[in-house]
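A.B. asks: As input, take final24.txt (compact mmCIF, C-alpha atoms and all ligand atoms):
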```
# COMPACT_ATOMS: atom_id res chain seq x y z
CA MET A 1 -18.28 -28.94 12.08
CA SER A 2 -17.81 -28.08 8.42
CA LEU A 3 -14.42 -28.84 6.89
CA PRO A 4 -12.94 -27.11 3.82
CA LYS A 5 -13.20 -28.71 0.38
CA PRO A 6 -9.69 -30.02 -0.31
CA ILE A 7 -7.72 -29.17 -3.45
CA HIS A 8 -5.47 -32.19 -2.92
CA GLU A 9 -6.12 -35.40 -1.07
CA LEU A 10 -5.07 -38.98 -1.31
CA GLU A 11 -6.74 -40.22 -4.45
CA PHE A 12 -10.16 -38.77 -5.16
CA ASN A 13 -11.32 -35.87 -7.31
CA HIS A 14 -8.47 -35.86 -9.81
CA GLY A 15 -10.12 -37.14 -12.96
CA SER A 16 -10.68 -40.81 -13.63
CA ILE A 17 -8.12 -43.57 -13.24
CA TYR A 18 -9.96 -45.34 -16.07
CA GLY A 19 -9.64 -44.64 -19.79
CA PRO A 20 -11.33 -45.65 -23.04
CA GLU A 21 -9.83 -49.17 -22.82
CA GLU A 22 -11.72 -49.89 -19.61
CA ALA A 23 -14.90 -48.36 -21.06
CA ALA A 24 -14.68 -50.63 -24.13
CA ALA A 25 -14.00 -53.68 -21.94
CA ILE A 26 -17.07 -52.90 -19.84
CA ALA A 27 -19.23 -52.54 -22.94
CA ALA A 28 -18.02 -55.94 -24.17
CA VAL A 29 -18.98 -57.59 -20.86
CA LEU A 30 -22.44 -56.04 -21.04
CA ALA A 31 -22.85 -57.41 -24.56
CA ASP A 32 -22.01 -60.85 -23.15
CA SER A 33 -24.63 -60.52 -20.40
CA ALA A 34 -21.97 -60.25 -17.66
CA PRO A 35 -21.88 -63.88 -16.56
CA SER A 36 -20.85 -65.01 -13.08
CA CYS A 37 -17.24 -66.26 -13.08
CA GLY A 38 -16.97 -66.01 -16.86
CA ALA A 39 -13.97 -66.10 -19.17
CA ARG A 40 -12.62 -62.72 -18.02
CA VAL A 41 -12.48 -63.74 -14.36
CA LEU A 42 -10.51 -66.85 -15.31
CA GLU A 43 -8.24 -64.83 -17.61
CA PHE A 44 -7.64 -62.18 -14.94
CA GLU A 45 -6.76 -64.85 -12.38
CA LYS A 46 -4.33 -66.49 -14.79
CA ALA A 47 -2.71 -63.21 -15.81
CA PHE A 48 -2.38 -61.98 -12.22
CA ALA A 49 -0.83 -65.26 -11.00
CA LYS A 50 1.65 -65.14 -13.90
CA TYR A 51 2.52 -61.50 -13.20
CA CYS A 52 3.27 -62.33 -9.56
CA GLY A 53 5.10 -65.59 -10.21
CA ALA A 54 2.52 -67.71 -8.37
CA THR A 55 0.89 -70.78 -9.84
CA GLN A 56 -2.69 -69.85 -8.96
CA ALA A 57 -4.92 -66.91 -8.16
CA LEU A 58 -8.54 -66.37 -7.19
CA ALA A 59 -10.38 -63.12 -7.83
CA VAL A 60 -12.46 -62.01 -4.86
CA THR A 61 -14.76 -59.18 -3.85
CA SER A 62 -12.17 -57.42 -1.66
CA ALA A 63 -8.96 -57.99 0.28
CA THR A 64 -11.12 -58.23 3.41
CA ALA A 65 -12.83 -61.25 1.82
CA GLY A 66 -9.46 -62.57 0.61
CA LEU A 67 -7.99 -62.39 4.13
CA ASP A 68 -11.05 -64.20 5.49
CA LEU A 69 -10.57 -66.92 2.84
CA ALA A 70 -6.84 -67.22 3.46
CA LEU A 71 -7.12 -67.61 7.22
CA ALA A 72 -10.03 -70.02 6.96
CA ALA A 73 -8.03 -72.07 4.42
CA ALA A 74 -5.10 -72.05 6.85
CA GLY A 75 -7.41 -73.77 9.33
CA VAL A 76 -7.26 -70.99 11.92
CA ARG A 77 -9.61 -71.75 14.79
CA PRO A 78 -10.28 -70.77 18.42
CA GLY A 79 -7.20 -71.32 20.56
CA ASP A 80 -4.81 -70.49 17.72
CA GLU A 81 -2.66 -67.38 17.68
CA VAL A 82 -2.04 -65.22 14.63
CA ILE A 83 0.83 -62.73 14.76
CA THR A 84 0.34 -59.52 12.83
CA THR A 85 1.13 -55.81 12.90
CA PRO A 86 -0.91 -53.16 14.68
CA ILE A 87 -0.30 -50.70 11.83
CA SER A 88 -2.73 -51.84 9.17
CA TRP A 89 -6.32 -51.53 8.09
CA ILE A 90 -8.42 -53.44 10.60
CA SER A 91 -9.37 -56.17 8.07
CA THR A 92 -5.95 -57.77 8.58
CA ALA A 93 -6.43 -58.56 12.25
CA ASN A 94 -10.18 -59.12 11.93
CA ALA A 95 -9.67 -62.08 9.63
CA ALA A 96 -8.05 -63.94 12.54
CA ALA A 97 -10.23 -62.55 15.34
CA LYS A 98 -13.48 -63.41 13.54
CA LEU A 99 -12.39 -67.08 13.45
CA GLY A 100 -11.98 -66.99 17.24
CA ALA A 101 -8.17 -66.91 17.14
CA THR A 102 -6.13 -64.67 19.43
CA VAL A 103 -4.51 -61.82 17.55
CA VAL A 104 -0.97 -61.20 18.79
CA PHE A 105 0.43 -57.84 17.75
CA ALA A 106 4.16 -57.70 17.05
CA ASP A 107 5.87 -54.32 17.12
CA VAL A 108 7.19 -52.46 14.09
CA ASP A 109 10.48 -51.21 12.71
CA PRO A 110 10.85 -47.49 13.48
CA ASP A 111 12.34 -46.63 10.07
CA THR A 112 9.82 -48.36 7.77
CA LEU A 113 6.84 -49.06 10.11
CA ASN A 114 6.84 -52.64 8.78
CA ILE A 115 6.51 -55.53 11.24
CA ASN A 116 9.76 -56.22 13.08
CA PRO A 117 10.90 -59.88 12.72
CA ALA A 118 12.64 -59.74 16.14
CA SER A 119 9.33 -58.83 17.78
CA VAL A 120 7.57 -61.60 15.80
CA ALA A 121 10.18 -64.10 17.00
CA ALA A 122 9.62 -63.04 20.61
CA LYS A 123 5.86 -63.61 20.29
CA ILE A 124 5.85 -67.08 18.69
CA THR A 125 4.37 -69.79 20.94
CA GLY A 126 3.27 -73.38 20.42
CA ARG A 127 -0.17 -72.01 19.48
CA THR A 128 1.00 -69.70 16.67
CA ARG A 129 -0.63 -70.90 13.45
CA VAL A 130 -0.04 -67.98 11.08
CA ILE A 131 2.36 -65.05 10.72
CA LEU A 132 0.49 -62.31 8.86
CA PRO A 133 2.78 -59.44 7.82
CA VAL A 134 1.52 -56.41 5.91
CA HIS A 135 3.82 -54.87 3.32
CA LEU A 136 3.00 -51.41 4.51
CA TYR A 137 2.63 -48.43 2.16
CA GLY A 138 4.04 -50.41 -0.81
CA GLN A 139 7.35 -51.66 0.60
CA CYS A 140 7.97 -55.32 1.45
CA CYS A 141 8.64 -56.55 4.97
CA ASP A 142 11.85 -58.46 5.80
CA MET A 143 10.62 -61.61 4.10
CA ASP A 144 13.81 -63.69 4.48
CA GLU A 145 13.61 -63.38 8.27
CA LEU A 146 9.85 -63.92 8.39
CA THR A 147 10.05 -66.95 6.07
CA GLU A 148 12.79 -68.46 8.21
CA LEU A 149 10.71 -67.95 11.38
CA ALA A 150 7.65 -69.50 9.71
CA ARG A 151 9.55 -72.50 8.28
CA THR A 152 11.53 -73.33 11.41
CA ASN A 153 8.41 -73.17 13.58
CA GLY A 154 6.03 -74.94 11.18
CA ILE A 155 3.83 -71.84 10.85
CA LEU A 156 2.04 -70.61 7.71
CA LEU A 157 3.06 -67.27 6.26
CA ILE A 158 0.22 -65.23 4.75
CA ASP A 159 1.12 -61.76 3.53
CA ASP A 160 -1.24 -58.84 3.19
CA CYS A 161 -0.28 -57.33 -0.16
CA ALA A 162 -3.10 -54.78 -0.27
CA HIS A 163 -0.52 -52.03 -0.86
CA THR A 164 1.97 -53.89 -3.00
CA ALA A 165 0.66 -54.89 -6.41
CA GLY A 166 3.88 -54.82 -8.47
CA ALA A 167 6.28 -54.41 -5.52
CA GLU A 168 9.36 -56.60 -5.29
CA TYR A 169 11.57 -58.13 -2.62
CA LYS A 170 15.07 -59.04 -3.80
CA GLY A 171 13.81 -59.23 -7.39
CA ARG A 172 10.72 -61.32 -6.58
CA LYS A 173 7.23 -59.90 -6.89
CA THR A 174 4.76 -59.90 -4.03
CA GLY A 175 2.23 -62.62 -4.55
CA SER A 176 5.03 -65.20 -4.69
CA LEU A 177 6.68 -64.56 -1.32
CA ALA A 178 4.37 -66.37 1.12
CA ASP A 179 2.09 -69.41 1.36
CA ILE A 180 -0.87 -67.18 0.49
CA SER A 181 -0.88 -63.52 -0.57
CA VAL A 182 -3.87 -61.20 -0.49
CA PHE A 183 -4.29 -58.13 -2.72
CA SER A 184 -6.80 -55.27 -2.73
CA PHE A 185 -8.11 -53.44 -5.79
CA HIS A 186 -10.15 -50.96 -3.74
CA GLN A 187 -10.48 -47.52 -5.34
CA GLN A 188 -7.37 -46.05 -3.70
CA LYS A 189 -5.04 -48.94 -4.47
CA ASN A 190 -2.25 -49.11 -7.08
CA MET A 191 -4.57 -50.95 -9.47
CA VAL A 192 -8.33 -50.87 -9.16
CA THR A 193 -11.44 -52.78 -10.22
CA LEU A 194 -14.38 -50.38 -10.04
CA GLY A 195 -14.26 -49.39 -6.40
CA GLU A 196 -13.83 -52.78 -4.80
CA GLY A 197 -12.05 -56.02 -5.56
CA GLY A 198 -9.20 -58.27 -4.54
CA MET A 199 -7.13 -61.33 -5.39
CA VAL A 200 -5.49 -64.15 -3.49
CA THR A 201 -2.46 -65.94 -4.90
CA THR A 202 -0.74 -69.15 -3.88
CA SER A 203 1.48 -71.86 -5.29
CA ASP A 204 0.13 -74.47 -2.86
CA THR A 205 -2.51 -76.69 -4.48
CA THR A 206 -4.14 -77.74 -1.20
CA LEU A 207 -4.54 -74.17 0.03
CA PHE A 208 -5.78 -73.13 -3.41
CA GLU A 209 -8.49 -75.83 -3.43
CA ARG A 210 -9.64 -74.88 0.05
CA MET A 211 -9.91 -71.22 -0.94
CA LEU A 212 -11.64 -72.11 -4.21
CA GLY A 213 -14.22 -74.05 -2.20
CA LEU A 214 -14.68 -71.43 0.50
CA ARG A 215 -15.09 -68.68 -2.12
CA SER A 216 -18.18 -70.43 -3.53
CA LEU A 217 -20.02 -71.99 -0.57
CA CYS A 218 -17.80 -75.12 -0.59
CA CYS A 219 -19.85 -76.37 -3.49
CA ARG A 220 -18.87 -79.46 -5.50
CA SER A 221 -20.23 -79.92 -8.99
CA TYR A 222 -19.83 -82.13 -12.07
CA ASP A 223 -19.46 -78.93 -14.11
CA PRO A 224 -17.25 -76.73 -11.90
CA LYS A 225 -16.29 -74.09 -14.56
CA GLY A 226 -13.50 -72.63 -12.39
CA LYS A 227 -16.15 -71.50 -9.95
CA TYR A 228 -16.79 -74.65 -7.89
CA LEU A 229 -14.80 -77.65 -6.77
CA ALA A 230 -15.07 -80.73 -9.00
CA PHE A 231 -16.50 -83.99 -7.69
CA ASP A 232 -13.98 -86.79 -7.58
CA GLU A 233 -15.71 -89.09 -10.07
CA ALA A 234 -13.80 -92.12 -8.77
CA GLN A 235 -15.62 -91.60 -5.45
CA HIS A 236 -18.83 -90.06 -6.81
CA PRO A 237 -19.60 -91.32 -10.32
CA MET A 238 -21.92 -88.94 -12.13
CA GLY A 239 -24.22 -91.43 -13.79
CA LYS A 240 -27.14 -89.35 -15.14
CA ARG A 241 -26.96 -86.83 -12.30
CA TYR A 242 -25.05 -84.07 -14.16
CA TRP A 243 -27.06 -81.58 -12.09
CA GLU A 244 -26.10 -82.85 -8.65
CA LEU A 245 -24.25 -80.57 -6.22
CA ASP A 246 -22.86 -81.07 -2.74
CA PHE A 247 -21.85 -78.49 -0.13
CA GLU A 248 -19.14 -80.01 1.95
CA ASP A 249 -18.65 -77.21 4.45
CA LEU A 250 -19.79 -73.69 5.34
CA GLY A 251 -18.49 -71.22 2.76
CA SER A 252 -19.38 -67.78 1.38
CA ASN A 253 -19.82 -66.10 -1.97
CA PHE A 254 -16.72 -63.92 -2.40
CA ARG A 255 -16.56 -64.06 -6.22
CA MET A 256 -15.49 -61.06 -8.26
CA THR A 257 -17.80 -59.92 -11.06
CA GLU A 258 -16.95 -60.32 -14.75
CA ILE A 259 -17.05 -56.58 -15.31
CA GLN A 260 -14.49 -55.98 -12.56
CA ALA A 261 -12.24 -58.69 -13.98
CA ALA A 262 -12.41 -57.12 -17.47
CA VAL A 263 -11.27 -53.81 -15.97
CA GLY A 264 -8.68 -55.59 -13.80
CA LEU A 265 -7.05 -57.12 -16.88
CA ILE A 266 -6.51 -53.67 -18.33
CA GLN A 267 -5.37 -52.17 -15.05
CA LEU A 268 -2.84 -54.98 -14.70
CA ARG A 269 -1.37 -54.03 -18.07
CA LYS A 270 -1.05 -50.42 -16.84
CA LEU A 271 0.22 -51.31 -13.37
CA ASP A 272 3.97 -51.00 -13.94
CA ALA A 273 3.59 -47.59 -15.59
CA MET A 274 1.25 -46.34 -12.84
CA ASN A 275 3.71 -47.57 -10.19
CA GLN A 276 6.57 -45.86 -12.03
CA ARG A 277 4.76 -42.53 -11.79
CA ARG A 278 4.27 -43.10 -8.03
CA ILE A 279 8.01 -43.82 -7.72
CA GLU A 280 8.86 -40.57 -9.56
CA ILE A 281 6.57 -38.52 -7.32
CA ALA A 282 8.09 -40.14 -4.23
CA ALA A 283 11.57 -39.25 -5.49
CA GLU A 284 10.50 -35.62 -5.91
CA TYR A 285 9.01 -35.45 -2.41
CA THR A 286 12.18 -37.01 -0.99
CA ARG A 287 14.38 -34.52 -2.83
CA ARG A 288 12.33 -31.46 -1.89
CA ILE A 289 10.89 -31.81 1.58
CA SER A 290 12.75 -31.26 4.82
CA LYS A 291 10.01 -30.14 7.24
CA VAL A 292 8.83 -33.74 7.59
CA ARG A 293 10.96 -36.90 7.35
CA PRO A 294 10.17 -39.56 4.71
CA LEU A 295 10.20 -43.16 5.93
CA ALA A 296 13.16 -45.31 4.92
CA VAL A 297 13.27 -46.96 1.51
CA LEU A 298 15.35 -50.13 1.59
CA PRO A 299 17.72 -50.87 -1.32
CA ASP A 300 16.86 -54.55 -1.85
CA ARG A 301 13.17 -53.97 -2.57
CA LYS A 302 10.99 -52.16 -5.09
CA HIS A 303 8.71 -49.82 -3.13
CA VAL A 304 5.57 -48.95 -5.12
CA PHE A 305 4.43 -46.07 -2.88
CA HIS A 306 0.80 -46.87 -2.37
CA ILE A 307 1.29 -44.28 0.35
CA PHE A 308 4.04 -41.73 0.80
CA GLY A 309 4.67 -41.94 4.53
CA VAL A 310 6.48 -39.25 6.52
CA LEU A 311 7.12 -38.53 10.18
CA ALA A 312 6.10 -35.09 11.44
CA ASP A 313 7.27 -33.67 14.77
CA ASN A 314 3.92 -32.08 15.47
CA LYS A 315 1.56 -34.35 13.55
CA GLU A 316 -1.79 -32.92 14.59
CA ASP A 317 -0.77 -29.34 13.96
CA PHE A 318 0.90 -30.22 10.64
CA MET A 319 -2.17 -32.11 9.42
CA TRP A 320 -4.61 -29.45 10.57
CA ARG A 321 -2.68 -26.59 9.00
CA MET A 322 -2.18 -28.43 5.72
CA TYR A 323 -5.92 -29.05 5.57
CA THR A 324 -7.45 -25.86 6.89
CA ASP A 325 -4.84 -23.30 5.72
CA HIS A 326 -3.89 -24.95 2.41
CA ARG A 327 -6.78 -27.36 1.63
CA ILE A 328 -4.37 -30.29 1.33
CA LYS A 329 -6.04 -33.16 3.08
CA VAL A 330 -3.20 -35.34 4.31
CA TRP A 331 -4.13 -38.48 6.24
CA SER A 332 -2.67 -40.88 8.80
CA HIS A 333 -2.55 -44.62 8.06
CA TYR A 334 -3.53 -46.24 10.39
CA MET A 335 -5.09 -46.09 13.85
CA PRO A 336 -3.05 -48.80 15.65
CA ILE A 337 -5.48 -51.71 15.64
CA HIS A 338 -4.83 -52.75 19.24
CA LEU A 339 -5.96 -49.30 20.41
CA THR A 340 -9.34 -49.40 18.63
CA THR A 341 -12.50 -50.01 20.66
CA ALA A 342 -13.02 -53.37 18.93
CA TYR A 343 -9.63 -54.68 20.05
CA ARG A 344 -9.76 -53.12 23.51
CA LYS A 345 -12.95 -55.16 23.95
CA LEU A 346 -10.84 -58.23 23.10
CA GLY A 347 -8.39 -57.34 25.87
CA HIS A 348 -5.79 -55.39 23.88
CA GLY A 349 -4.55 -51.94 24.79
CA PRO A 350 -1.68 -49.50 25.25
CA GLY A 351 1.77 -50.86 26.03
CA GLU A 352 1.54 -53.87 23.69
CA CYS A 353 3.56 -52.28 20.87
CA PRO A 354 5.53 -49.30 22.24
CA VAL A 355 7.30 -48.46 18.97
CA ALA A 356 4.05 -48.38 16.97
CA GLU A 357 2.35 -46.37 19.69
CA SER A 358 5.07 -43.75 19.82
CA LEU A 359 5.30 -43.50 16.00
CA PHE A 360 1.53 -43.06 15.78
CA LYS A 361 2.15 -39.57 17.19
CA HIS A 362 4.16 -38.81 14.05
CA TYR A 363 3.17 -40.76 10.93
CA VAL A 364 1.36 -38.89 8.17
CA SER A 365 0.49 -39.87 4.58
CA LEU A 366 1.02 -37.27 1.84
CA PRO A 367 -1.07 -37.28 -1.36
CA ILE A 368 0.35 -39.62 -4.01
CA HIS A 369 -1.32 -41.10 -7.07
CA PRO A 370 -0.37 -41.46 -10.72
CA ARG A 371 -2.49 -38.53 -11.91
CA LEU A 372 -0.61 -35.95 -9.82
CA THR A 373 0.90 -33.51 -12.31
CA PRO A 374 4.41 -32.04 -11.90
CA GLU A 375 2.72 -28.70 -11.04
CA ALA A 376 0.67 -30.37 -8.31
CA VAL A 377 3.74 -32.08 -6.86
CA ASP A 378 5.54 -28.73 -6.92
CA TYR A 379 2.63 -27.06 -5.10
CA LEU A 380 2.55 -29.85 -2.48
CA CYS A 381 6.31 -29.69 -1.85
CA SER A 382 6.45 -25.88 -1.70
CA THR A 383 3.48 -25.73 0.65
CA ILE A 384 5.12 -28.17 3.06
CA GLU A 385 8.41 -26.33 2.92
CA ALA A 386 6.73 -22.93 3.51
CA LEU A 387 5.13 -24.10 6.76
CA SER A 388 6.81 -22.41 9.71
C1 LIG B 1 -3.29 -53.23 4.50
C2 LIG B 1 -4.71 -53.48 4.08
N1 LIG B 1 -5.22 -54.70 4.21
C3 LIG B 1 -6.48 -54.98 3.84
C4 LIG B 1 -7.29 -54.01 3.32
C5 LIG B 1 -8.70 -54.34 2.95
O1 LIG B 1 -8.89 -54.14 1.58
P1 LIG B 1 -10.35 -54.09 0.95
O2 LIG B 1 -10.82 -52.68 1.06
O3 LIG B 1 -10.13 -54.49 -0.48
O4 LIG B 1 -11.20 -55.02 1.67
C6 LIG B 1 -6.82 -52.71 3.16
C7 LIG B 1 -7.67 -51.65 2.61
O5 LIG B 1 -7.45 -50.49 2.73
C8 LIG B 1 -5.48 -52.44 3.55
O6 LIG B 1 -4.97 -51.20 3.42
```
Give the structure from the file, written as structure tokens.
C.D. replies:
Amino acid sequence: MSLPKPIHELEFNHGSIYGPEEAAAIAAVLADSAPSCGARVLEFEKAFAKYCGATQALAVTSATAGLDLALAAAGVRPGDEVITTPISWISTANAAAKLGATVVFADVDPDTLNINPASVAAKITGRTRVILPVHLYGQCCDMDELTELARTNGILLIDDCAHTAGAEYKGRKTGSLADISVFSFHQQKNMVTLGEGGMVTTSDTTLFERMLGLRSLCCRSYDPKGKYLAFDEAQHPMGKRYWELDFEDLGSNFRMTEIQAAVGLIQLRKLDAMNQRRIEIAAEYTRRISKVRPLAVLPDRKHVFHIFGVLADNKEDFMWRMYTDHRIKVWSHYMPIHLTTAYRKLGHGPGECPVAESLFKHYVSLPIHPRLTPEAVDYLCSTIEALS
């Protein structure tokens, strides 16, 4: 079936998010032969950690890779349980399931769609190793409650910050709110690194070292360069073997490229301004639309509107008419993970998260990105309001 070419959609086809600064940075990397894990990767990691208020960061190929690293570093293994939300991109749950852990889906808050701490509390068992909240759409979860649950039960807290670069919870930036935080710089995110990319942050040295190892094949070297782990020379004196390496476990190569890091450094400088534009557009939607209901925005957090989420009474009809009558391609984030074929095969299914399942009939994402002009926002709002 052929679908109409949209005039407005979530992020694509509205000019480039990159400017001359990124182009110049890319040219400079090319002139330097684009080394693996060069100075720009290290600088990007340092700048991102500082921005978030974490002590360390590691640039990775994607948030999917970052989640894999984080859960492996947490020591998740078969028999463990990881509690997460069903409303996320599937990477979140997969990171636990791929390690052989049981994914336990907690239900969500009906006003924000974020994971509900009361449901998390009800699902904690002696086998729970990690609580893995997702700060959905750009607004933080109830981190005080989740931190308390994690601390009192001796469980690690790893937050999926794919939507929340620059978001805040009670004045603290994401990236500093959990034991490990995982960011995405995929092309639709609030800051981007050439289509793909991600970052993990932590202030825990042991977790950092494990992730550093796992990111580069668990390689130890006498010349680690921020890429590998260093040999402990007290245990393994170098002698003349400056070239020796060891691989102390089974890792991967999840390293970000130098060219992405050069762009990431510039995007990070622009992040607050790009988020501010998202916040302004969200305010305009909230002021103007009444045919669909915006999700709640809580006063003690800075929502950065990766997605502008609304609830529509008749979701399918609303989405179809917006697309086919008005060429506005709205979307729905996300298919509840426990209802996907992959998770049904793992024994999940309807009834596990009744609130998420009933809200799935209603949640819709409206176009929002920093390049939306006031005229475009006006067109989007008036189109929604004109729907009968
Ligand atoms: C909540 C969430 N987590 C993880 C990911 C995975 O990010 P990436 O595409 O960088 O692997 C996404 C991507 O859309 C996401 O939305």
A.B. asks: Between chain A and ligand LIG 1 (chain B), at 10 Å or less, what are the per-residue closest atom pairs and their distances in Å? Count only C-alpha atoms and all ligand atoms, order by chain and rising residue number, and return it as CSV.
C.D. replies:
```
residue,atom,partner,partner_atom,distance
A:Val60,CA,B:LIG1,O3,9.0
A:Thr61,CA,B:LIG1,O3,7.4
A:Ser62,CA,B:LIG1,O3,3.8
A:Ala63,CA,B:LIG1,O3,3.8
A:Thr64,CA,B:LIG1,O4,3.7
A:Ala65,CA,B:LIG1,O4,6.4
A:Gly66,CA,B:LIG1,O4,7.8
A:Leu67,CA,B:LIG1,C3,7.6
A:Asp68,CA,B:LIG1,O4,9.9
A:Thr85,CA,B:LIG1,C1,9.8
A:Ile87,CA,B:LIG1,C1,8.3
A:Ser88,CA,B:LIG1,C1,4.9
A:Trp89,CA,B:LIG1,C8,4.7
A:Ile90,CA,B:LIG1,C3,7.2
A:Ser91,CA,B:LIG1,C3,5.3
A:Thr92,CA,B:LIG1,N1,5.4
A:Ala93,CA,B:LIG1,N1,9.0
A:Asn94,CA,B:LIG1,C3,9.8
A:Ala95,CA,B:LIG1,C3,9.7
A:Pro133,CA,B:LIG1,C1,9.3
A:Val134,CA,B:LIG1,C1,5.9
A:His135,CA,B:LIG1,C1,7.4
A:Leu136,CA,B:LIG1,C1,6.5
A:Tyr137,CA,B:LIG1,C1,8.0
A:Gly138,CA,B:LIG1,C1,9.5
A:Asp159,CA,B:LIG1,N1,9.5
A:Asp160,CA,B:LIG1,N1,5.8
A:Cys161,CA,B:LIG1,C1,6.9
A:Ala162,CA,B:LIG1,C2,4.8
A:His163,CA,B:LIG1,C1,6.2
A:Thr164,CA,B:LIG1,C1,9.2
A:Val182,CA,B:LIG1,C3,8.0
A:Phe183,CA,B:LIG1,O3,7.2
A:Ser184,CA,B:LIG1,O3,4.1
A:Phe185,CA,B:LIG1,O3,5.8
A:His186,CA,B:LIG1,O3,4.8
A:Gln187,CA,B:LIG1,O2,8.2
A:Gln188,CA,B:LIG1,O5,7.8
A:Lys189,CA,B:LIG1,O5,7.7
A:Val192,CA,B:LIG1,O3,9.6
A:Thr193,CA,B:LIG1,O3,10.0
A:Gly195,CA,B:LIG1,O3,8.8
A:Glu196,CA,B:LIG1,O3,5.9
A:Gly197,CA,B:LIG1,O3,5.6
A:Gly198,CA,B:LIG1,O3,5.6
A:Met199,CA,B:LIG1,O3,8.9
A:His306,CA,B:LIG1,O6,9.3
A:Ile307,CA,B:LIG1,O6,9.8
A:His333,CA,B:LIG1,O6,8.4
A:Tyr334,CA,B:LIG1,O6,8.7
```
A.B. asks: One number please: CA of Leu346 in chain A to CA of Ile115 in chain A, in Å, one decimal.
C.D. replies: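 Taking CA of Leu346 in chain A as the start and CA of Ile115 in chain A as the end point, the length is 21.2 Å.
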A.B. asks: Check the smallest atom-to-atom distance from each of A:Ser388, A:Gly166, A:Ala28, A:Ala74 to Lys270 in chain A using all atoms listed in the file, then report the winner.
C.D. replies: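 Going through A:Ser388, A:Gly166, A:Ala28, A:Ala74 one by one, the smallest distance to Lys270 in chain A is for A:Gly166.
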A.B. asks: Within 12 Å of Pro20 in chain A, counting only C-alpha atoms, which residues show up once you throw out same-chain ones fewer than 5 positions away? Write them as a ChimeraX atom specification, please.
C.D. replies: /A:25-27,263,266-267
A.B. asks: Pick out the closest residue to Ile17 in chain A from this set: A:Val310, A:Leu271, A:Ala283, A:Val304. Count all atoms listed in the file.
C.D. replies: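 The shortest atom-to-atom distance to Ile17 in chain A comes from A:Leu271.
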A.B. asks: For Pro370 in chain A, find every residue with an atom within 6 Å (counting only C-alpha atoms), except residues of its own chain fewer than 2 positions away, and show them as a list in words.
C.D. replies: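 Here the answer would be Met274, Arg277, Arg278 and Leu372 of chain A.
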A.B. asks: Mind dumping a table of every range 232-305 of chain A residue within 8 Å of range 373-382 of chain A, with the nearest atom pair and its distance in Å to one decimal, using all atoms listed in the file, sorted by chain and rising number, as JSON lines?
C.D. replies:
```
{"residue": "A:Ile281", "atom": "CA", "partner": "A:Val377", "partner_atom": "CA", "distance": 7.0}
{"residue": "A:Glu284", "atom": "CA", "partner": "A:Val377", "partner_atom": "CA", "distance": 7.7}
{"residue": "A:Tyr285", "atom": "CA", "partner": "A:Cys381", "partner_atom": "CA", "distance": 6.4}
{"residue": "A:Arg288", "atom": "CA", "partner": "A:Cys381", "partner_atom": "CA", "distance": 6.3}
{"residue": "A:Ile289", "atom": "CA", "partner": "A:Cys381", "partner_atom": "CA", "distance": 6.1}
```
A.B. asks: May I have the residues within 8 Å of Ala167 in chain A as a list in words, using all atoms listed in the file and disregarding those fewer than 2 positions away in the same chain?
C.D. replies: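 Counting only the stated atoms, we get Gly138, Gln139, Cys140, Thr164, Ala165, Tyr169, Lys173, Thr174, Arg301, Lys302, His303 and Val304 of chain A.
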A.B. asks: Figure out the distance between CA of Gly226 in chain A and CA of Ala262 in chain A, please, to one decimal in Å.
C.D. replies: 16.4 Å
A.B. asks: Between CA of Arg210 in chain A and CA of Lys98 in chain A, what distance in Å does the model show, to one decimal?
C.D. replies: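 Going from CA of Arg210 in chain A over to CA of Lys98 in chain A covers 18.1 Å.
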A.B. asks: For a quick check of understanding, using only C-alpha atoms, which of A:Trp320, A:Pro294, A:Pro86, A:Asp109 has the smallest distance to Leu3 in chain A?
C.D. replies: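 The shortest atom-to-atom distance to Leu3 in chain A comes from A:Trp320.
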A.B. asks: Please provide the set of residues having any atom within 7 Å of Lys329 in chain A, restricted to all atoms listed in the file, with same-chain residues fewer than 5 positions apart removed, written as a PyMOL selection string.
C.D. replies: chain A and resi 6+8-9+322-323
A.B. asks: Of the candidates A:Cys219, A:Ala39, A:Ala261, A:His348, which one gets nearest to Ala97 in chain A if we count all atoms listed in the file?
C.D. replies: A:His348
A.B. asks: Residues at most 8 Å from Asp313 in chain A, counting all atoms listed in the file, excluding those fewer than 2 positions away in the same chain, as a ChimeraX atom specification?
C.D. replies: /A:292,311,315,362
